[in-house]
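Data first, discussion second: the structure below is written as structure tokens.
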Amino acid sequence: SWAVDYGGARKKKPSRFLNEIGMIENDKLLTTNNKLIPNTKCQILNQKTEIKKWEKNSNNISSPNYFSYTQLAAFSNCPYQYRFAHILKVPVQGKEIFSFGKTLHITLQKLFNLINEKSELKQSVKLAELLELYSASWIDDWYESKEKKEERRKQGQEILTVFYEKHKNNWPTALFLEKGFNIKLADGNSCNTIRGVIDRIDQIVEENGVNKIKIVDYKTGKPKSELTFDEKEQLFIYQMAAEEIFRQPVVSLAFYYLDNNTEVEFLGSKSDLIKVKDKVLTTIAEIKKHEFPPKPSILCKFCDFKDICEFKQNR
């Protein structure tokens, strides 16, 4: 820490450590609107330290004990990025979108737990109760300013109010919330574990009395109306897991976009699931080779490791 004036006759110069992490320039603290400018120099040094540790022990790389959609997608996008995130486990700075998204996920989990409790008592959930859950679930991390935090807080209230009005007269029957799963996919002589967490699994009872399930995944990113096959891959994996674990047919997969409370529904065909399974096993086989070549693309500008990557695309 440092202050110019500690009450003595002379002004105090900043510590050399503040210079080293890039927070000082010409004996002045780098600020904007009285807030410290986030500087990545210290983070980059920490990241490079982790890389050096790994390089000393690079012959001891072992295959992961399990795989997730996040891991598989990272490797498909760029094996070199996968190396940073999942082999070296290089630390990255948090982001407000993650704090905001997690807040909404936790709030909705609590909401459907409350709905299930009240339905047994023949009671309904009030909007005020939902907003209280939101306030109690708020995660206060990584916002760049107080103004931005309050903007996001208000946005969340608006999202949840619309969500409530849209569903209050016909709440989905949520069987499971934040349901974790493990499934095995055999590949030759090896058996690979796939893990994941499903945001919501709804019970759908058809007119003939047959029970089926719907898988819902919440998204806080930019809403979409059409999806590519690769964008559906996450829920295709969830569909395979649900059919194996619950022994009930899946009637629908849905990405629920919270920003505008819209839903995109689809369902994987038998050929879709075979294609996804083959892709997953192929990706796992590539990961087990322990080769992580760079794959520069337009995605480089969004990468958490662009400041330490010598192969990044500068476009």
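Residue numbers start at 1 in each chain; chains themselves are named A, B, ... in the order of the structure tokens; ligands are numbered from 1 in the order shown.
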Who sits within 8 Å of A:Lys212, only C-alpha atoms, same chain under 3 positions skipped, as a list in words: Gln203, Ile204, Val205, Glu206, Gln248, Pro249, Val250 and Val251 of chain A
For A:Leu267, work out the shell of residues within 12 Å, counting only C-alpha atoms and skipping chain neighbours fewer than 6 positions away, then give it as a PyMOL selection string. chain A and resi 213-216+227+229+232-240+249-255+273
Would you return as a PyMOL selection string the members of stretch 119-287 of chain A that DSSP assigns to strand (DSSP E or B) on this structure's backbone? chain A and resi 174-187+190-205+211-219+250-257+262-266
Fewer than 6 positions away in the same chain doesn't count, so skip those; otherwise give me all residues within 8 Å of A:Ala241, counting only C-alpha atoms, as a ChimeraX atom specification. /A:181-183
Report, in Å to a single decimal, how far apart atom CA of A:Thr173 and atom CA of A:Pro223 are.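 For atom CA of A:Pro223 relative to atom CA of A:Thr173, the distance reads 24.1 Å.
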